[in-house]
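Structure first, then comments.
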Amino acid sequence: MKKRITGAEALMQALIHEGVTTIFGYPGGGIMPVFDALYDHREDFRQVLVRHEQGAAHAAQGYARSSGQVGVCLVTSGPGATNTITGISDAMLDSTPIVVISGQVGAAALGTDAFQEVDFVCITQPICKWSYQIRRAEDIAWAVARAFYIAANGRPGPVVLDFAKNAQTTMVDFEPASLPIQRGFIPVPQPSDDAIRRAAALIDNAERPLLLAGQGIELAGAQEELKQFVEKTGIPVGCTLLGLSTLPSGHPLRQGMLGMHGNLAPNVKTNECDVLIAVGMRFDDRVTGRLATYARQAKVIHLDIDPSEIGKNVPVDVAVTGDCKETLARLTKAVHPAEHKEWVESFAIYHTMEDERVVRPAIHPAEGPLKMGEVARRVSEATADSAILVTDVGQNQMMSARYFRYTRPRSIITSGGLGTMGFGLPAAIGATFGAPERTVCLFVGDGGIQMNLQELGTIMESGAPVKIILLNNNYLGNVRQWQELFFNHRYSCTPMMNPNYELIASAYGIPSRTVAARADLDDAIHEMLTSSGAFLLQVAVEEEENVMPMTPPGADVDHMLPFIDSSTPTEQWKSTFIH
Amino acid sequence: MEKHLYTLIVHSEHMAGLLNQVTAVFTRRQINIESLNVSPSSIEGIHRYTITAVADEDTIAKVTLQIAKKVDVLQASYFLEDEIFMQEIALYKLSTPLLMANPEICEIIRRNDAPIIETNPVYTVVEKAGRTAETEQLRRDLSTFDCLLQYVNSGRIAVTRSSEEHLTEFLKTLNQ
Ligand SMILES: Cc1ncc(C[n+]2csc(CCOP(=O)(O)OP(=O)(O)O)c2C)c(N)n1
Ligand SMILES: [Mg+2]
């Protein structure tokens, strides 16, 4: 039944039809009719007023990553829209489904440099899955249905709806749309039986197989299928940063994290395996190191939903395109049960090496200042390893990702592809709305927290119970580490003067505590976790700690500091492109 | 890897802004587009791009997949010269006085079977349809007489030699 309503009200109805319950937004002239309509729907949506539109985009990401639902943000035209760009790019690189609805000047004024007019569709086209300008109220039903469909289906990602003001105010006969097949968007390619057969044959004949588990498994909800596949085949697993919670920590086949700051064993074994099975991951350079030497000895099987990822960085022997929930299940049926006892055991020596030189000193230091790793491990333990870890970017990210433990799906929310400082705080806010039943722990550095510090206001107003663990080393630590290792200790613009964070927290009415002594750590964590609502725990950590192990940029994946002689190769890495 | 001139044929919905997205895939990889033609296709509502670019096959294959990935692009494929029938049209605007003064120019035009579509005391317009090499040769020949006032080339258009119609088949499977 069609109803005659304004375009703004039509948008409300369309969002309700899509099952939207939470909107992260910020008003302004270009979107006022929509916010006016929103006033009548206070019961239908939780409206979270952020303090900066970048915060809205990251919060929508955190919401989407924790819940699996499409995150929604609603902003005004011009500067409101451009402030979301970092979040849109981040969502694109990390395959996060969000819909950004921005105001736009009226259709008659388009192209005239009207007040707060930017060509938002053109700006966002290269950084999102679909960007569309709604110029007529009649298009709302179709455009909203399509936006949510495209954001959520296939490889998820961001979609932009640029909503011209005239379309917000004109009357329209509205009925929510259901979408016919979109012939220009086939979300899930079908794998051929032949591909499954050839992959199964390679796996059955493998002597030293290794599986790389990426976020695609989380996005497909295929954690159980992954478990069944590896348990039937006995194949050890390395996880990407975004795939850390695809297989629970402590699973006997889980060999830890891949890549630049990953674990030694899976990185070394990448260059020793005979069959490499990549699932829902995209061979990012932070995972592969130098491509020319990466897994050259291995036959590569790639399971991915996005055909354009196949062979993009690493040549692939068998491509299995499709939804990995389905393809993993089909592969599990097709393969013979196997055990690779010796091969799996051969990982142990590298774990022992890493334990001795890196892990134990990081999480059980005997003396000296507090270390990031021990804080992360204590917080993880205090939450029974069941919290959602949200991180910012930098050493705090790598350390918390490494030393947190994961027992439930969708337990790590971090900016992988774009590496966006400032992502953490708003994403954590979003995560508390996306997974209200879970504890959300944010690990953030003294640099990154200041990049969206204003979102403490959102926490104050919405009551989002974010447990903020601020790892304060008085440095832009990650960059300082590179300066130490690759730029002769020249600390250009990385020592940073910090404000009194407890005073800031108290200005926002957020309880806080600072710890510097090891003896106080457990008690402080306990206080943070048992306090109702948000809490800021500032930890004064060792100032010049380095994240180890480390594959220097451009080095071979198995070439990890501190296990290799760092003197000669450094020259070689310096001469390669450092970025 | 060895570089070739590839022809991409892309079918898409008729949506504003899509051309931008298609060309952006080339820009990101620093590949120059040699020619680009947009036209309707045999199917109502579906547009067709014919694009030529020089690259190695590995790169062109990745570019093609990334174009195909765009929402509203229905299909994208790449071809070598021997897999397509191709043609282009060029227009040559010549100075009539120079043309009259130089019988050799007329001879070249006749040899090329190039129709004259306009002539007046000031200028003459000649048209030539053919392959890139042919239109290009004529341009070079005419240039030597310094009589060329304007030159324009439509860019390559092409149809595949294959007897299979992939787009039609794709649309058929969708309807099932
Ligand atoms: C928006 C943005 N700007 C700059 C960088 C480069 N960068 C990466 S890590 C880092 C330092 C982060 O410092 P801090 O937040 O204190 O974290 P730490 O590494 O000390 O834990 C910088 C500047 C970035 N990733 N994102
Ligand atoms: Mg820091």
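The chains in the structure tokens are called A, B, ... from first to last as shown; in each chain the residues are counted from 1, and the ligands are counted from 1 in the order shown.
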Please tabulate, as CSV, the residues of chain A that come within 7 Å of ligand 2, each with its closest pair of atoms and the distance in Å to one decimal, counting only C-alpha atoms and all ligand atoms and ordering rows by chain, then residue number upward.
residue,atom,partner,partner_atom_place_in_ligand_line,distance
A:Gly445,CA,ligand 2,1 (Mg),4.5
A:Asp446,CA,ligand 2,1 (Mg),4.6
A:Gly447,CA,ligand 2,1 (Mg),5.3
A:Leu471,CA,ligand 2,1 (Mg),6.8
A:Asn472,CA,ligand 2,1 (Mg),5.4
A:Asn473,CA,ligand 2,1 (Mg),4.7
A:Asn474,CA,ligand 2,1 (Mg),5.4
A:Tyr475,CA,ligand 2,1 (Mg),4.2
A:Leu476,CA,ligand 2,1 (Mg),4.4
A:Gly477,CA,ligand 2,1 (Mg),4.6
Keeping only N, CA, C and O atoms, write the selected residues as a PDB file, in the first residue's frame.
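In the end it all went to selection25.pdb:
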ATOM      1  N   GLY A 445      46.616   4.213  21.638  1.00  0.00           N
ATOM      2  CA  GLY A 445      47.843   4.901  22.024  1.00  0.00           C
ATOM      3  C   GLY A 445      47.572   6.353  22.374  1.00  0.00           C
ATOM      4  O   GLY A 445      46.475   6.878  22.143  1.00  0.00           O
ATOM      5  N   ASP A 446      48.595   7.002  22.907  1.00  0.00           N
ATOM      6  CA  ASP A 446      48.440   8.413  23.270  1.00  0.00           C
ATOM      7  C   ASP A 446      48.321   9.290  22.023  1.00  0.00           C
ATOM      8  O   ASP A 446      47.722  10.361  22.065  1.00  0.00           O
ATOM      9  N   GLY A 447      48.844   8.820  20.897  1.00  0.00           N
ATOM     10  CA  GLY A 447      48.647   9.565  19.655  1.00  0.00           C
ATOM     11  C   GLY A 447      47.232   9.383  19.138  1.00  0.00           C
ATOM     12  O   GLY A 447      46.506  10.349  18.898  1.00  0.00           O
ATOM     13  N   LEU A 471      47.380   3.014  26.285  1.00  0.00           N
ATOM     14  CA  LEU A 471      48.774   2.611  26.481  1.00  0.00           C
ATOM     15  C   LEU A 471      49.641   3.825  26.180  1.00  0.00           C
ATOM     16  O   LEU A 471      49.913   4.146  25.012  1.00  0.00           O
ATOM     17  N   ASN A 472      50.013   4.504  27.237  1.00  0.00           N
ATOM     18  CA  ASN A 472      50.708   5.780  27.060  1.00  0.00           C
ATOM     19  C   ASN A 472      52.222   5.583  27.136  1.00  0.00           C
ATOM     20  O   ASN A 472      52.764   5.247  28.178  1.00  0.00           O
ATOM     21  N   ASN A 473      52.881   5.775  25.984  1.00  0.00           N
ATOM     22  CA  ASN A 473      54.340   5.682  25.967  1.00  0.00           C
ATOM     23  C   ASN A 473      54.993   7.026  25.647  1.00  0.00           C
ATOM     24  O   ASN A 473      56.196   7.102  25.390  1.00  0.00           O
ATOM     25  N   ASN A 474      54.182   8.067  25.629  1.00  0.00           N
ATOM     26  CA  ASN A 474      54.685   9.419  25.321  1.00  0.00           C
ATOM     27  C   ASN A 474      55.389   9.511  23.965  1.00  0.00           C
ATOM     28  O   ASN A 474      56.242  10.365  23.750  1.00  0.00           O
ATOM     29  N   TYR A 475      55.046   8.623  23.093  1.00  0.00           N
ATOM     30  CA  TYR A 475      55.637   8.633  21.742  1.00  0.00           C
ATOM     31  C   TYR A 475      54.577   8.244  20.723  1.00  0.00           C
ATOM     32  O   TYR A 475      53.639   7.511  21.038  1.00  0.00           O
ATOM     33  N   LEU A 476      54.769   8.686  19.508  1.00  0.00           N
ATOM     34  CA  LEU A 476      54.104   8.048  18.380  1.00  0.00           C
ATOM     35  C   LEU A 476      54.946   6.801  18.133  1.00  0.00           C
ATOM     36  O   LEU A 476      55.845   6.766  17.301  1.00  0.00           O
ATOM     37  N   GLY A 477      54.652   5.797  18.951  1.00  0.00           N
ATOM     38  CA  GLY A 477      55.577   4.696  19.166  1.00  0.00           C
ATOM     39  C   GLY A 477      55.922   3.907  17.926  1.00  0.00           C
ATOM     40  O   GLY A 477      57.076   3.520  17.700  1.00  0.00           O
TER      41      GLY A 477
END
Residues of chain A at most 9 Å from ligand 1: nearest atom pair and distance in Å, only C-alpha atoms and all ligand atoms, as JSON lines:
{"residue": "A:Thr86", "atom": "CA", "partner": "ligand 1", "partner_atom_place_in_ligand_line": "1 (C)", "distance": 8.6}
{"residue": "A:Met372", "atom": "CA", "partner": "ligand 1", "partner_atom_place_in_ligand_line": "21 (O)", "distance": 8.4}
{"residue": "A:Asp392", "atom": "CA", "partner": "ligand 1", "partner_atom_place_in_ligand_line": "15 (O)", "distance": 7.1}
{"residue": "A:Val393", "atom": "CA", "partner": "ligand 1", "partner_atom_place_in_ligand_line": "9 (S)", "distance": 5.4}
{"residue": "A:Gly394", "atom": "CA", "partner": "ligand 1", "partner_atom_place_in_ligand_line": "19 (O)", "distance": 3.6}
{"residue": "A:Gln395", "atom": "CA", "partner": "ligand 1", "partner_atom_place_in_ligand_line": "19 (O)", "distance": 3.7}
{"residue": "A:Asn396", "atom": "CA", "partner": "ligand 1", "partner_atom_place_in_ligand_line": "21 (O)", "distance": 3.8}
{"residue": "A:Gln397", "atom": "CA", "partner": "ligand 1", "partner_atom_place_in_ligand_line": "21 (O)", "distance": 6.8}
{"residue": "A:Met398", "atom": "CA", "partner": "ligand 1", "partner_atom_place_in_ligand_line": "21 (O)", "distance": 8.3}
{"residue": "A:Met399", "atom": "CA", "partner": "ligand 1", "partner_atom_place_in_ligand_line": "21 (O)", "distance": 8.3}
{"residue": "A:Leu418", "atom": "CA", "partner": "ligand 1", "partner_atom_place_in_ligand_line": "25 (N)", "distance": 7.6}
{"residue": "A:Gly419", "atom": "CA", "partner": "ligand 1", "partner_atom_place_in_ligand_line": "25 (N)", "distance": 4.9}
{"residue": "A:Thr420", "atom": "CA", "partner": "ligand 1", "partner_atom_place_in_ligand_line": "26 (N)", "distance": 4.4}
{"residue": "A:Met421", "atom": "CA", "partner": "ligand 1", "partner_atom_place_in_ligand_line": "26 (N)", "distance": 4.0}
{"residue": "A:Gly422", "atom": "CA", "partner": "ligand 1", "partner_atom_place_in_ligand_line": "1 (C)", "distance": 6.5}
{"residue": "A:Phe423", "atom": "CA", "partner": "ligand 1", "partner_atom_place_in_ligand_line": "1 (C)", "distance": 8.4}
{"residue": "A:Phe443", "atom": "CA", "partner": "ligand 1", "partner_atom_place_in_ligand_line": "21 (O)", "distance": 8.8}
{"residue": "A:Val444", "atom": "CA", "partner": "ligand 1", "partner_atom_place_in_ligand_line": "15 (O)", "distance": 6.3}
{"residue": "A:Gly445", "atom": "CA", "partner": "ligand 1", "partner_atom_place_in_ligand_line": "15 (O)", "distance": 3.6}
{"residue": "A:Asp446", "atom": "CA", "partner": "ligand 1", "partner_atom_place_in_ligand_line": "16 (O)", "distance": 4.0}
{"residue": "A:Gly447", "atom": "CA", "partner": "ligand 1", "partner_atom_place_in_ligand_line": "15 (O)", "distance": 3.3}
{"residue": "A:Gly448", "atom": "CA", "partner": "ligand 1", "partner_atom_place_in_ligand_line": "15 (O)", "distance": 3.6}
{"residue": "A:Ile449", "atom": "CA", "partner": "ligand 1", "partner_atom_place_in_ligand_line": "15 (O)", "distance": 6.5}
{"residue": "A:Gln450", "atom": "CA", "partner": "ligand 1", "partner_atom_place_in_ligand_line": "15 (O)", "distance": 8.0}
{"residue": "A:Met451", "atom": "CA", "partner": "ligand 1", "partner_atom_place_in_ligand_line": "1 (C)", "distance": 7.5}
{"residue": "A:Leu470", "atom": "CA", "partner": "ligand 1", "partner_atom_place_in_ligand_line": "21 (O)", "distance": 8.9}
{"residue": "A:Leu471", "atom": "CA", "partner": "ligand 1", "partner_atom_place_in_ligand_line": "21 (O)", "distance": 6.4}
{"residue": "A:Asn472", "atom": "CA", "partner": "ligand 1", "partner_atom_place_in_ligand_line": "16 (O)", "distance": 6.7}
{"residue": "A:Asn473", "atom": "CA", "partner": "ligand 1", "partner_atom_place_in_ligand_line": "20 (O)", "distance": 5.8}
{"residue": "A:Asn474", "atom": "CA", "partner": "ligand 1", "partner_atom_place_in_ligand_line": "16 (O)", "distance": 6.8}
{"residue": "A:Tyr475", "atom": "CA", "partner": "ligand 1", "partner_atom_place_in_ligand_line": "20 (O)", "distance": 5.1}
{"residue": "A:Leu476", "atom": "CA", "partner": "ligand 1", "partner_atom_place_in_ligand_line": "13 (O)", "distance": 3.3}
{"residue": "A:Gly477", "atom": "CA", "partner": "ligand 1", "partner_atom_place_in_ligand_line": "20 (O)", "distance": 3.2}
{"residue": "A:Asn478", "atom": "CA", "partner": "ligand 1", "partner_atom_place_in_ligand_line": "19 (O)", "distance": 3.8}
{"residue": "A:Val479", "atom": "CA", "partner": "ligand 1", "partner_atom_place_in_ligand_line": "10 (C)", "distance": 5.3}
{"residue": "A:Arg480", "atom": "CA", "partner": "ligand 1", "partner_atom_place_in_ligand_line": "11 (C)", "distance": 7.6}
{"residue": "A:Gln481", "atom": "CA", "partner": "ligand 1", "partner_atom_place_in_ligand_line": "19 (O)", "distance": 8.3}
{"residue": "A:Thr494", "atom": "CA", "partner": "ligand 1", "partner_atom_place_in_ligand_line": "23 (C)", "distance": 7.6}
{"residue": "A:Met496", "atom": "CA", "partner": "ligand 1", "partner_atom_place_in_ligand_line": "16 (O)", "distance": 8.3}
{"residue": "A:Glu543", "atom": "CA", "partner": "ligand 1", "partner_atom_place_in_ligand_line": "20 (O)", "distance": 8.3}
Given the selection you just returned, output its residues as a file containing N, CA and C atoms, formatted as a compact mmCIF listing (two decimals), in the first residue's frame.
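Just written: out16.txt:
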# COMPACT_ATOMS: atom_id res chain seq x y z
N THR A 86 37.43 9.30 5.39
CA THR A 86 38.41 8.35 5.95
C THR A 86 37.71 7.06 6.37
N MET A 372 53.30 -3.21 27.12
CA MET A 372 52.00 -3.29 26.45
C MET A 372 51.45 -4.71 26.44
N ASP A 392 43.23 0.81 18.19
CA ASP A 392 43.59 1.90 17.32
C ASP A 392 44.75 1.40 16.45
N VAL A 393 45.62 2.28 16.02
CA VAL A 393 46.70 1.89 15.12
C VAL A 393 48.05 2.23 15.74
N GLY A 394 49.00 1.35 15.55
CA GLY A 394 50.33 1.59 16.09
C GLY A 394 50.79 0.40 16.89
N GLN A 395 51.73 0.66 17.79
CA GLN A 395 52.23 -0.43 18.63
C GLN A 395 51.11 -1.01 19.50
N ASN A 396 50.25 -0.11 19.99
CA ASN A 396 49.12 -0.57 20.82
C ASN A 396 48.28 -1.61 20.08
N GLN A 397 48.16 -1.42 18.76
CA GLN A 397 47.35 -2.32 17.93
C GLN A 397 48.02 -3.68 17.81
N MET A 398 49.29 -3.65 17.46
CA MET A 398 50.01 -4.91 17.22
C MET A 398 50.15 -5.69 18.53
N MET A 399 50.46 -4.98 19.62
CA MET A 399 50.67 -5.66 20.89
C MET A 399 49.36 -6.24 21.41
N LEU A 418 43.62 0.30 5.92
CA LEU A 418 43.94 1.73 5.85
C LEU A 418 44.86 2.15 7.00
N GLY A 419 44.86 1.38 8.10
CA GLY A 419 45.71 1.74 9.24
C GLY A 419 45.38 3.13 9.76
N THR A 420 44.13 3.36 10.08
CA THR A 420 43.64 4.68 10.42
C THR A 420 43.80 4.99 11.90
N MET A 421 44.76 5.84 12.26
CA MET A 421 44.78 6.34 13.64
C MET A 421 43.50 7.12 13.88
N GLY A 422 42.94 6.98 15.06
CA GLY A 422 41.68 7.65 15.36
C GLY A 422 40.48 6.75 15.14
N PHE A 423 40.73 5.57 14.58
CA PHE A 423 39.65 4.61 14.31
C PHE A 423 39.08 4.04 15.61
N PHE A 443 41.99 -0.77 22.98
CA PHE A 443 43.41 -0.47 23.23
C PHE A 443 43.80 0.65 22.27
N VAL A 444 44.36 1.70 22.85
CA VAL A 444 44.64 2.89 22.04
C VAL A 444 45.91 3.55 22.55
N GLY A 445 46.62 4.21 21.64
CA GLY A 445 47.84 4.90 22.02
C GLY A 445 47.57 6.35 22.37
N ASP A 446 48.60 7.00 22.91
CA ASP A 446 48.44 8.41 23.27
C ASP A 446 48.32 9.29 22.02
N GLY A 447 48.84 8.82 20.90
CA GLY A 447 48.65 9.57 19.66
C GLY A 447 47.23 9.38 19.14
N GLY A 448 46.84 8.16 18.99
CA GLY A 448 45.56 7.83 18.35
C GLY A 448 44.35 8.31 19.13
N ILE A 449 44.44 8.29 20.46
CA ILE A 449 43.25 8.70 21.21
C ILE A 449 42.94 10.17 20.94
N GLN A 450 44.01 10.94 20.64
CA GLN A 450 43.79 12.37 20.41
C GLN A 450 43.25 12.65 19.01
N MET A 451 43.23 11.64 18.17
CA MET A 451 42.74 11.88 16.81
C MET A 451 41.22 11.87 16.72
N LEU A 470 44.34 2.98 27.65
CA LEU A 470 45.25 3.90 26.97
C LEU A 470 46.68 3.51 27.30
N LEU A 471 47.38 3.01 26.28
CA LEU A 471 48.77 2.61 26.48
C LEU A 471 49.64 3.83 26.18
N ASN A 472 50.01 4.50 27.24
CA ASN A 472 50.71 5.78 27.06
C ASN A 472 52.22 5.58 27.14
N ASN A 473 52.88 5.78 25.98
CA ASN A 473 54.34 5.68 25.97
C ASN A 473 54.99 7.03 25.65
N ASN A 474 54.18 8.07 25.63
CA ASN A 474 54.69 9.42 25.32
C ASN A 474 55.39 9.51 23.97
N TYR A 475 55.05 8.62 23.09
CA TYR A 475 55.64 8.63 21.74
C TYR A 475 54.58 8.24 20.72
N LEU A 476 54.77 8.69 19.51
CA LEU A 476 54.10 8.05 18.38
C LEU A 476 54.95 6.80 18.13
N GLY A 477 54.65 5.80 18.95
CA GLY A 477 55.58 4.70 19.17
C GLY A 477 55.92 3.91 17.93
N ASN A 478 54.93 3.65 17.11
CA ASN A 478 55.17 2.83 15.94
C ASN A 478 56.17 3.50 14.98
N VAL A 479 55.98 4.80 14.81
CA VAL A 479 56.87 5.54 13.93
C VAL A 479 58.26 5.65 14.58
N ARG A 480 58.25 5.87 15.92
CA ARG A 480 59.53 5.92 16.63
C ARG A 480 60.31 4.63 16.43
N GLN A 481 59.60 3.49 16.47
CA GLN A 481 60.28 2.20 16.29
C GLN A 481 60.96 2.13 14.92
N THR A 494 58.36 12.45 16.81
CA THR A 494 57.63 11.34 17.44
C THR A 494 57.55 11.42 18.96
N MET A 496 56.09 13.04 22.06
CA MET A 496 54.89 13.87 22.06
C MET A 496 54.51 14.24 23.48
N GLU A 543 58.58 3.34 27.47
CA GLU A 543 58.50 4.34 26.40
C GLU A 543 59.09 3.87 25.09
Proximity check chain A to chain B, 12 Å, nearest pairs one decimal Å, only C-alpha atoms, as a Markdown table:
| residue | atom | partner | partner_atom | distance |
| --- | --- | --- | --- | --- |
| A:Asp119 | CA | B:Gly17 | CA | 11.5 |
| A:Phe120 | CA | B:Gly17 | CA | 11.9 |
| A:Val121 | CA | B:Gly17 | CA | 8.5 |
| A:Cys122 | CA | B:Gly17 | CA | 7.7 |
| A:Ile123 | CA | B:Asn20 | CA | 11.1 |
| A:Thr124 | CA | B:Gln21 | CA | 10.5 |
| A:Gln125 | CA | B:Gln21 | CA | 6.9 |
| A:Pro126 | CA | B:Gln21 | CA | 7.0 |
| A:Ile127 | CA | B:Gln21 | CA | 10.5 |
| A:Cys128 | CA | B:Lys70 | CA | 9.9 |
| A:Lys129 | CA | B:Val71 | CA | 6.9 |
| A:Trp130 | CA | B:Val71 | CA | 6.5 |
| A:Ser131 | CA | B:Gly17 | CA | 9.3 |
| A:Tyr132 | CA | B:Gly17 | CA | 9.2 |
| A:Gln133 | CA | B:Ala16 | CA | 9.9 |
| A:Arg146 | CA | B:Val71 | CA | 10.7 |
| A:Ala147 | CA | B:Val71 | CA | 10.9 |
| A:Tyr149 | CA | B:Val71 | CA | 11.5 |
| A:Ile150 | CA | B:Val71 | CA | 8.3 |
| A:Ala151 | CA | B:Val71 | CA | 10.9 |
| A:Asn153 | CA | B:Val71 | CA | 11.7 |
| A:Gly154 | CA | B:Lys69 | CA | 10.6 |
| A:Arg155 | CA | B:Lys69 | CA | 10.4 |
| A:Gly157 | CA | B:Val71 | CA | 11.7 |
| A:Val159 | CA | B:Val71 | CA | 10.8 |
| A:Pro180 | CA | B:Asn175 | CA | 10.6 |
| A:Ile181 | CA | B:Leu174 | CA | 7.8 |
| A:Gln182 | CA | B:Asp72 | CA | 7.9 |
| A:Arg183 | CA | B:Leu74 | CA | 6.3 |
| A:Gly184 | CA | B:Asp72 | CA | 3.8 |
| A:Phe185 | CA | B:Val71 | CA | 5.2 |
| A:Ile186 | CA | B:Val71 | CA | 8.6 |
| A:Pro187 | CA | B:Lys69 | CA | 9.5 |
| A:Val188 | CA | B:Lys69 | CA | 11.5 |
| A:Pro189 | CA | B:Lys69 | CA | 11.3 |
| A:Ile305 | CA | B:Lys69 | CA | 11.2 |
| A:Asp306 | CA | B:Lys69 | CA | 8.0 |
| A:Pro307 | CA | B:Leu65 | CA | 7.0 |
| A:Ser308 | CA | B:Leu65 | CA | 5.0 |
| A:Glu309 | CA | B:Leu65 | CA | 8.6 |
| A:Ile310 | CA | B:Lys62 | CA | 8.8 |
| A:Gly311 | CA | B:Lys62 | CA | 8.1 |
| A:Lys312 | CA | B:Lys62 | CA | 6.6 |
| A:Asn313 | CA | B:Lys62 | CA | 10.0 |
| A:Val314 | CA | B:Asp58 | CA | 11.7 |
| A:Pro315 | CA | B:Asp58 | CA | 10.2 |
ask   = Pick from B:Glu83, B:Glu136, B:Glu88, B:Asp56: nearest to B:Ser163, with only C-alpha atoms counted?
value = B:Glu83
request  = Apply DSSP to the structure's backbone, then extract all residues of chain B labelled strand (DSSP E or B) and return them as a ChimeraX atom specification.
outcome  = /B:3-13,33-40,46-56,73-79,84-95,116-119,123-130,148-153,157-160
Save the residues we just selected, C-alpha atoms, as an mmCIF file, in the first residue's frame?
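Contents of the output file selection_26.cif:
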data_model
loop_
_atom_site.group_PDB
_atom_site.id
_atom_site.type_symbol
_atom_site.label_atom_id
_atom_site.label_comp_id
_atom_site.auth_asym_id
_atom_site.auth_seq_id
_atom_site.Cartn_x
_atom_site.Cartn_y
_atom_site.Cartn_z
ATOM 1 C CA LYS B 3 53.261 -5.741 -23.940
ATOM 2 C CA HIS B 4 50.508 -5.767 -26.542
ATOM 3 C CA LEU B 5 47.713 -3.536 -27.673
ATOM 4 C CA TYR B 6 44.634 -5.037 -26.042
ATOM 5 C CA THR B 7 41.020 -4.272 -26.785
ATOM 6 C CA LEU B 8 38.622 -4.366 -23.844
ATOM 7 C CA ILE B 9 34.929 -4.774 -24.433
ATOM 8 C CA VAL B 10 32.830 -3.760 -21.450
ATOM 9 C CA HIS B 11 29.056 -3.973 -21.116
ATOM 10 C CA SER B 12 27.307 -1.951 -18.465
ATOM 11 C CA GLU B 13 24.041 -0.489 -17.299
ATOM 12 C CA ILE B 33 44.004 4.576 -22.622
ATOM 13 C CA GLU B 34 44.791 4.681 -26.365
ATOM 14 C CA SER B 35 41.204 4.979 -27.490
ATOM 15 C CA LEU B 36 37.775 4.832 -25.960
ATOM 16 C CA ASN B 37 34.379 4.485 -27.524
ATOM 17 C CA VAL B 38 31.006 4.411 -25.777
ATOM 18 C CA SER B 39 27.911 3.317 -27.634
ATOM 19 C CA PRO B 40 24.621 1.500 -27.216
ATOM 20 C CA ILE B 46 22.921 -1.811 -22.031
ATOM 21 C CA HIS B 47 25.927 0.266 -22.993
ATOM 22 C CA ARG B 48 29.131 -0.888 -24.505
ATOM 23 C CA TYR B 49 32.639 0.474 -24.120
ATOM 24 C CA THR B 50 35.460 -0.371 -26.486
ATOM 25 C CA ILE B 51 38.783 0.531 -24.938
ATOM 26 C CA THR B 52 42.298 0.003 -26.221
ATOM 27 C CA ALA B 53 45.408 0.088 -24.098
ATOM 28 C CA VAL B 54 48.961 -1.195 -24.212
ATOM 29 C CA ALA B 55 49.917 -3.509 -21.365
ATOM 30 C CA ASP B 56 51.142 -6.981 -20.554
ATOM 31 C CA VAL B 73 29.251 -3.381 -15.055
ATOM 32 C CA LEU B 74 27.765 -6.546 -16.522
ATOM 33 C CA GLN B 75 30.767 -8.006 -18.254
ATOM 34 C CA ALA B 76 34.303 -7.101 -19.175
ATOM 35 C CA SER B 77 36.678 -9.044 -21.419
ATOM 36 C CA TYR B 78 39.946 -8.346 -23.194
ATOM 37 C CA PHE B 79 41.061 -9.387 -26.660
ATOM 38 C CA ILE B 84 38.081 -9.296 -33.024
ATOM 39 C CA PHE B 85 36.800 -7.502 -36.086
ATOM 40 C CA MET B 86 37.711 -3.890 -35.665
ATOM 41 C CA GLN B 87 37.266 -0.642 -37.421
ATOM 42 C CA GLU B 88 37.640 3.054 -36.893
ATOM 43 C CA ILE B 89 36.768 6.193 -38.782
ATOM 44 C CA ALA B 90 38.993 9.173 -39.309
ATOM 45 C CA LEU B 91 38.167 12.598 -40.716
ATOM 46 C CA TYR B 92 40.810 14.727 -42.413
ATOM 47 C CA LYS B 93 40.204 18.424 -43.015
ATOM 48 C CA LEU B 94 42.521 19.677 -45.729
ATOM 49 C CA SER B 95 43.314 23.046 -47.231
ATOM 50 C CA ILE B 116 35.357 13.368 -49.942
ATOM 51 C CA ILE B 117 32.363 14.434 -47.897
ATOM 52 C CA GLU B 118 32.657 18.191 -48.302
ATOM 53 C CA THR B 119 34.635 20.487 -50.455
ATOM 54 C CA TYR B 123 38.765 23.373 -47.202
ATOM 55 C CA THR B 124 37.998 19.767 -48.081
ATOM 56 C CA VAL B 125 36.918 16.999 -45.714
ATOM 57 C CA VAL B 126 37.976 13.439 -46.413
ATOM 58 C CA GLU B 127 36.763 10.380 -44.546
ATOM 59 C CA LYS B 128 38.533 7.081 -44.109
ATOM 60 C CA ALA B 129 37.305 3.958 -42.410
ATOM 61 C CA GLY B 130 39.730 1.191 -41.641
ATOM 62 C CA LEU B 148 46.164 18.922 -42.826
ATOM 63 C CA LEU B 149 44.058 21.494 -40.965
ATOM 64 C CA GLN B 150 42.324 19.079 -38.588
ATOM 65 C CA TYR B 151 42.381 15.385 -37.877
ATOM 66 C CA VAL B 152 40.077 13.306 -35.731
ATOM 67 C CA ASN B 153 39.764 9.599 -35.127
ATOM 68 C CA ILE B 157 35.149 -0.135 -32.348
ATOM 69 C CA ALA B 158 35.178 -3.900 -32.334
ATOM 70 C CA VAL B 159 33.041 -7.009 -32.267
ATOM 71 C CA THR B 160 34.313 -10.414 -31.278
#
